[in-house]
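coords-v7.cif follows; it contains mmCIF, C-alpha atoms.
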data_input
loop_
_atom_site.label_atom_id
_atom_site.label_comp_id
_atom_site.auth_asym_id
_atom_site.auth_seq_id
_atom_site.Cartn_x
_atom_site.Cartn_y
_atom_site.Cartn_z
CA MET A 78 -18.95 58.60 24.12
CA GLU A 79 -21.57 58.50 21.40
CA ILE A 80 -21.20 60.72 18.37
CA ALA A 81 -24.15 62.95 17.62
CA HIS A 82 -25.36 62.66 14.04
CA VAL A 83 -27.24 65.37 12.23
CA THR A 84 -30.68 64.34 11.08
CA GLU A 85 -30.60 66.63 8.09
CA LEU A 86 -27.85 68.31 6.11
CA PRO A 87 -27.55 72.11 6.13
CA GLY A 88 -28.93 72.74 2.64
CA ASP A 89 -27.28 71.74 -0.62
CA LEU A 90 -23.69 70.76 -0.03
CA ARG A 91 -21.01 72.25 -2.21
CA TYR A 92 -18.89 69.61 -3.94
CA ILE A 93 -15.72 71.12 -5.35
CA GLN A 94 -12.63 69.81 -7.04
CA TYR A 95 -9.47 70.39 -5.05
CA GLU A 96 -7.05 72.92 -6.45
CA HIS A 97 -3.65 74.08 -5.29
CA ALA A 98 -4.90 77.54 -4.36
CA LEU A 99 -7.03 75.89 -1.63
CA GLU A 100 -4.11 74.23 0.18
CA GLU A 101 -3.66 76.87 2.89
CA LYS A 102 -7.37 76.94 3.68
CA TYR A 103 -8.23 73.23 3.45
CA LEU A 104 -5.15 71.00 3.76
CA PRO A 105 -5.05 71.22 7.59
CA ALA A 106 -8.75 70.28 7.73
CA ILE A 107 -8.22 67.45 5.21
CA ARG A 108 -5.36 66.04 7.29
CA ALA A 109 -7.35 66.32 10.52
CA LEU A 110 -10.43 64.62 9.04
CA ILE A 111 -8.47 61.76 7.47
CA SER A 112 -6.19 61.16 10.45
CA LYS A 113 -9.23 60.88 12.72
CA ASP A 114 -10.67 57.91 10.82
CA LEU A 115 -8.10 56.09 8.72
CA SER A 116 -5.73 53.44 10.03
CA GLU A 117 -2.50 54.83 8.66
CA PRO A 118 -0.69 57.98 9.76
CA TYR A 119 0.22 60.06 6.72
CA SER A 120 2.82 62.82 6.58
CA ILE A 121 2.20 66.11 4.82
CA TYR A 122 4.30 64.78 1.95
CA VAL A 123 1.87 61.94 1.24
CA TYR A 124 -1.00 64.41 0.93
CA ARG A 125 1.05 66.66 -1.32
CA TYR A 126 2.12 63.70 -3.47
CA PHE A 127 -1.51 63.06 -4.35
CA LEU A 128 -2.87 66.60 -4.29
CA TYR A 129 -0.10 68.18 -6.39
CA GLN A 130 -0.20 65.57 -9.15
CA TRP A 131 -3.88 64.59 -9.17
CA ALA A 132 -5.82 67.56 -7.78
CA HIS A 133 -8.27 67.03 -10.67
CA LEU A 134 -9.23 63.66 -9.10
CA CYS A 135 -9.70 64.94 -5.55
CA TYR A 136 -12.98 66.36 -4.29
CA MET A 137 -14.28 68.02 -1.16
CA ALA A 138 -17.79 68.28 0.28
CA LEU A 139 -18.25 71.67 1.92
CA ASN A 140 -20.88 72.88 4.33
CA PRO A 141 -22.95 75.52 2.48
CA VAL A 142 -23.31 77.57 5.67
CA ASP A 143 -19.64 78.15 6.52
CA ASN A 144 -17.63 76.33 3.80
CA SER A 145 -16.17 73.96 6.41
CA LEU A 146 -14.94 70.58 5.23
CA MET A 147 -17.46 67.76 5.66
CA GLY A 148 -15.84 65.11 3.45
CA VAL A 149 -12.94 64.50 1.10
CA ILE A 150 -11.72 61.94 -1.42
CA ILE A 151 -8.12 61.77 -2.64
CA CYS A 152 -7.24 59.73 -5.73
CA LYS A 153 -4.68 59.15 -8.45
CA LEU A 154 -4.59 57.69 -11.96
CA GLU A 155 -1.55 55.94 -13.44
CA HIS A 156 -0.52 53.27 -15.89
CA HIS A 157 -0.24 49.93 -14.12
CA ALA A 158 2.20 47.57 -15.82
CA SER A 159 1.63 44.41 -13.78
CA HIS A 160 -1.28 43.49 -16.03
CA SER A 161 -0.87 42.26 -19.56
CA PRO A 162 -1.70 44.42 -21.38
CA PRO A 163 -1.00 47.31 -18.97
CA THR A 164 -4.03 49.07 -17.55
CA TYR A 165 -4.78 52.68 -16.76
CA ARG A 166 -5.62 52.33 -13.08
CA GLY A 167 -7.45 54.77 -10.86
CA TYR A 168 -6.77 54.51 -7.17
CA ILE A 169 -8.84 55.81 -4.26
CA ALA A 170 -6.20 56.53 -1.63
CA MET A 171 -8.31 58.21 1.03
CA LEU A 172 -11.99 58.86 1.72
CA ALA A 173 -13.36 60.41 4.88
CA VAL A 174 -16.58 62.08 5.99
CA ALA A 175 -16.97 63.90 9.31
CA SER A 176 -18.67 61.48 11.69
CA THR A 177 -21.61 63.80 12.42
CA PHE A 178 -22.52 63.93 8.72
CA ARG A 179 -22.32 60.23 7.87
CA GLY A 180 -25.33 58.42 6.50
CA HIS A 181 -26.41 61.21 4.17
CA GLY A 182 -24.75 60.00 0.97
CA ILE A 183 -21.73 62.31 1.11
CA ALA A 184 -19.20 59.48 0.70
CA THR A 185 -21.21 58.00 -2.16
CA ALA A 186 -21.35 61.37 -3.93
CA LEU A 187 -17.59 61.87 -3.50
CA VAL A 188 -16.77 58.38 -4.80
CA LYS A 189 -19.09 58.81 -7.79
CA ARG A 190 -17.43 62.13 -8.68
CA ALA A 191 -13.99 60.56 -8.47
CA ILE A 192 -15.00 57.52 -10.55
CA ASP A 193 -16.58 59.79 -13.18
CA ALA A 194 -13.42 61.92 -13.35
CA MET A 195 -11.26 58.81 -13.79
CA ALA A 196 -13.62 57.34 -16.41
CA GLU A 197 -13.52 60.64 -18.35
CA ARG A 198 -9.73 60.25 -18.41
CA HIS A 199 -10.08 56.71 -19.80
CA ALA A 200 -9.32 54.67 -16.66
CA ASP A 201 -9.69 50.92 -17.19
CA GLU A 202 -10.35 50.22 -13.51
CA VAL A 203 -10.46 51.80 -10.07
CA VAL A 204 -8.93 50.07 -7.04
CA LEU A 205 -8.65 50.70 -3.32
CA GLU A 206 -7.96 48.93 -0.06
CA THR A 207 -10.22 49.03 2.97
CA GLU A 208 -10.10 47.32 6.34
CA GLU A 209 -12.08 44.10 6.39
CA THR A 210 -13.72 45.30 9.63
CA ASN A 211 -14.96 48.55 8.03
CA ILE A 212 -18.43 47.27 7.17
CA PRO A 213 -19.88 50.68 6.16
CA ALA A 214 -17.02 51.19 3.66
CA MET A 215 -17.39 47.66 2.29
CA ARG A 216 -21.13 48.24 1.87
CA LEU A 217 -20.53 51.59 0.15
CA TYR A 218 -18.00 50.30 -2.36
CA GLU A 219 -19.74 47.02 -3.11
CA GLY A 220 -22.99 48.96 -3.60
CA LEU A 221 -21.18 50.96 -6.29
CA GLY A 222 -20.07 47.80 -8.09
CA PHE A 223 -16.62 47.19 -6.60
CA LEU A 224 -15.64 43.55 -6.22
CA ARG A 225 -13.28 41.98 -3.69
CA SER A 226 -10.19 40.91 -5.59
CA LYS A 227 -7.77 39.99 -2.83
CA LYS A 228 -7.48 39.74 0.94
CA LEU A 229 -4.35 41.43 2.28
CA HIS A 230 -3.48 39.86 5.62
CA ARG A 231 -2.19 42.21 8.34
CA TYR A 232 -2.02 44.98 5.73
CA TYR A 233 -2.32 47.94 8.08
CA LEU A 234 0.07 49.10 10.79
CA ASN A 235 -2.59 48.32 13.39
CA GLY A 236 -2.42 44.66 12.32
CA ASN A 237 -5.81 44.60 10.63
CA SER A 238 -6.32 42.88 7.30
CA ALA A 239 -7.74 44.59 4.24
CA TYR A 240 -9.58 43.77 1.06
CA ARG A 241 -8.44 45.12 -2.26
CA LEU A 242 -11.56 46.15 -4.14
CA VAL A 243 -11.72 46.66 -7.90
CA LEU A 244 -14.26 48.39 -10.11
CA LEU A 245 -13.80 47.47 -13.76
CA LEU A 246 -14.67 50.38 -16.04
CA LYS A 247 -13.65 48.68 -19.29
CA SER A 248 -13.64 45.07 -20.32
CA THR A 249 -10.27 43.39 -19.94
CA ASP A 250 -11.15 40.75 -22.54
CA GLN A 251 -8.92 40.87 -25.56
CA PRO A 252 -10.36 40.23 -29.00
CA GLY A 253 -9.16 36.83 -30.06
#

Could you spell out this file's structure in structure tokens?
Amino acid sequence: MEIAHVTELPGDLRYIQYEHALEEKYLPAIRALISKDLSEPYSIYVYRYFLYQWAHLCYMALNPVDNSLMGVIICKLEHHASHSPPTYRGYIAMLAVASTFRGHGIATALVKRAIDAMAERHADEVVLETEETNIPAMRLYEGLGFLRSKKLHRYYLNGNSAYRLVLLLKSTDQPG
């Protein structure tokens, strides 16, 4: 069955930062949208782990007509000690756009908002994993400057491999 795509968006989308007061209204829609497209099944606790601690790094694209969810990005920002010196690493955990609204720049706008929010909070880098077969996602992220840093063989539960992608926001060179 072919998915119908809209040829034009319904006016100016509303991009809003997630906040806890929106959980009852939007968390079921967020879970439904993400579970439809991503490879991993996530429990309610995974969503709450991200949304409770890093709501300020999570954004939603809402339909201006009825405020329904059209896209979402869920991120976090933490110190990452495996580097020397340690880095302040942003992480894009989940990104999804309703299939009928793809191709209109919604994902790009969500990722840019998240990157900007992490950069404002002094992130050194932003990382994520995406399936190697997800060509639209690879194109999106590489178009925004992300580089492939590692191939993760059989990374997902479905057996597919992934690429870890990294966007450097600050130079990692140390003055010598």

Report task. Measure the distance from CA of Cys135 (chain A) to CA of Ile192 (chain A) in Å and round it to one decimal. Result -> 10.4 Å

Near Ser226 (chain A), within 9 Å and counting all atoms listed in the file, which residues show up once chain neighbours fewer than 4 positions away are dropped, as a tab-separated table (two decimals) with C-alpha atoms, in the frame of the given file?
chain	number	residue	atom	x	y	z
A	240	TYR	CA	-9.58	43.77	1.06
A	241	ARG	CA	-8.44	45.12	-2.26
A	242	LEU	CA	-11.56	46.15	-4.14
A	243	VAL	CA	-11.72	46.66	-7.90

**Report entry** Shell around region 167-184 of chain A at 9 Å using only C-alpha atoms, local window under 2 positions removed, as a PyMOL selection string
**Finding:** chain A and resi 80-86+90+107+110-111+113-115+127+138+146-156+165+186-189+191-192+195-196+200-206+217

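Closest approach to Asn237 (chain A) from the set A:Ser116, A:Gly222, A:Arg198, A:Met137 is made by A:Ser116, with distances taken over all atoms listed in the file.
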
Report task. Determine the residue set returned by the PyMOL selection byres ((chain A and resi 96) around 9) for the present structure, and present it as a ChimeraX atom specification. Result -> /A:93-95,97-100,128-129,132-133,135

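CA of Ser159 (chain A) sits 22.5 Å away from CA of Tyr233 (chain A).
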
For region 83-110 of chain A in the structure I just supplied, write out N, CA and C atoms - as a short mmCIF file (atom, residue, chain, number, x, y, z; two decimals), in the first residue's frame.
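Okay, this is what ended up in result_17.cif:
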data_model
loop_
_atom_site.label_atom_id
_atom_site.label_comp_id
_atom_site.auth_asym_id
_atom_site.auth_seq_id
_atom_site.Cartn_x
_atom_site.Cartn_y
_atom_site.Cartn_z
N VAL A 83 1.37 14.65 1.32
CA VAL A 83 0.76 15.95 1.05
C VAL A 83 1.70 16.73 0.14
N THR A 84 1.12 17.50 -0.76
CA THR A 84 1.94 18.28 -1.67
C THR A 84 2.32 19.61 -1.05
N GLU A 85 1.55 20.02 -0.06
CA GLU A 85 1.86 21.29 0.59
C GLU A 85 1.43 21.21 2.05
N LEU A 86 2.21 21.83 2.90
CA LEU A 86 1.92 21.81 4.34
C LEU A 86 0.76 22.74 4.66
N PRO A 87 0.02 22.44 5.73
CA PRO A 87 -1.12 23.27 6.10
C PRO A 87 -0.71 24.55 6.82
N GLY A 88 -0.12 25.48 6.11
CA GLY A 88 0.29 26.75 6.72
C GLY A 88 1.61 26.63 7.45
N ASP A 89 1.91 27.60 8.28
CA ASP A 89 3.16 27.61 9.04
C ASP A 89 3.05 26.65 10.21
N LEU A 90 3.93 25.66 10.21
CA LEU A 90 3.93 24.70 11.31
C LEU A 90 4.33 25.39 12.60
N ARG A 91 3.85 24.83 13.69
CA ARG A 91 4.26 25.31 15.01
C ARG A 91 5.34 24.36 15.50
N TYR A 92 6.51 24.90 15.79
CA TYR A 92 7.58 24.13 16.40
C TYR A 92 7.65 24.54 17.85
N ILE A 93 7.46 23.58 18.75
CA ILE A 93 7.49 23.92 20.18
C ILE A 93 8.42 22.98 20.93
N GLN A 94 8.98 23.53 21.99
CA GLN A 94 9.82 22.73 22.87
C GLN A 94 8.89 21.91 23.75
N TYR A 95 9.26 20.65 23.95
CA TYR A 95 8.48 19.78 24.82
C TYR A 95 8.55 20.32 26.25
N GLU A 96 7.48 20.16 26.97
CA GLU A 96 7.48 20.46 28.40
C GLU A 96 6.59 19.46 29.11
N HIS A 97 6.86 19.25 30.37
CA HIS A 97 6.18 18.20 31.13
C HIS A 97 4.66 18.34 31.13
N ALA A 98 4.17 19.57 31.10
CA ALA A 98 2.73 19.79 31.11
C ALA A 98 2.05 19.22 29.85
N LEU A 99 2.83 18.94 28.82
CA LEU A 99 2.27 18.42 27.56
C LEU A 99 2.22 16.90 27.50
N GLU A 100 2.71 16.23 28.54
CA GLU A 100 2.81 14.76 28.49
C GLU A 100 1.47 14.09 28.20
N GLU A 101 0.44 14.45 28.94
CA GLU A 101 -0.85 13.78 28.77
C GLU A 101 -1.38 13.95 27.34
N LYS A 102 -1.20 15.13 26.78
CA LYS A 102 -1.72 15.41 25.45
C LYS A 102 -0.88 14.78 24.34
N TYR A 103 0.47 14.82 24.48
CA TYR A 103 1.32 14.45 23.36
C TYR A 103 2.13 13.16 23.50
N LEU A 104 2.38 12.67 24.72
CA LEU A 104 3.22 11.48 24.83
C LEU A 104 2.63 10.26 24.10
N PRO A 105 1.33 10.01 24.16
CA PRO A 105 0.81 8.87 23.37
C PRO A 105 1.06 9.05 21.86
N ALA A 106 0.91 10.26 21.36
CA ALA A 106 1.15 10.51 19.93
C ALA A 106 2.63 10.39 19.59
N ILE A 107 3.50 10.83 20.50
CA ILE A 107 4.94 10.70 20.29
C ILE A 107 5.31 9.22 20.21
N ARG A 108 4.82 8.45 21.16
CA ARG A 108 5.12 7.01 21.16
C ARG A 108 4.60 6.32 19.91
N ALA A 109 3.40 6.67 19.48
CA ALA A 109 2.83 6.05 18.29
C ALA A 109 3.64 6.40 17.04
N LEU A 110 4.02 7.66 16.91
CA LEU A 110 4.78 8.11 15.74
C LEU A 110 6.15 7.44 15.69
#
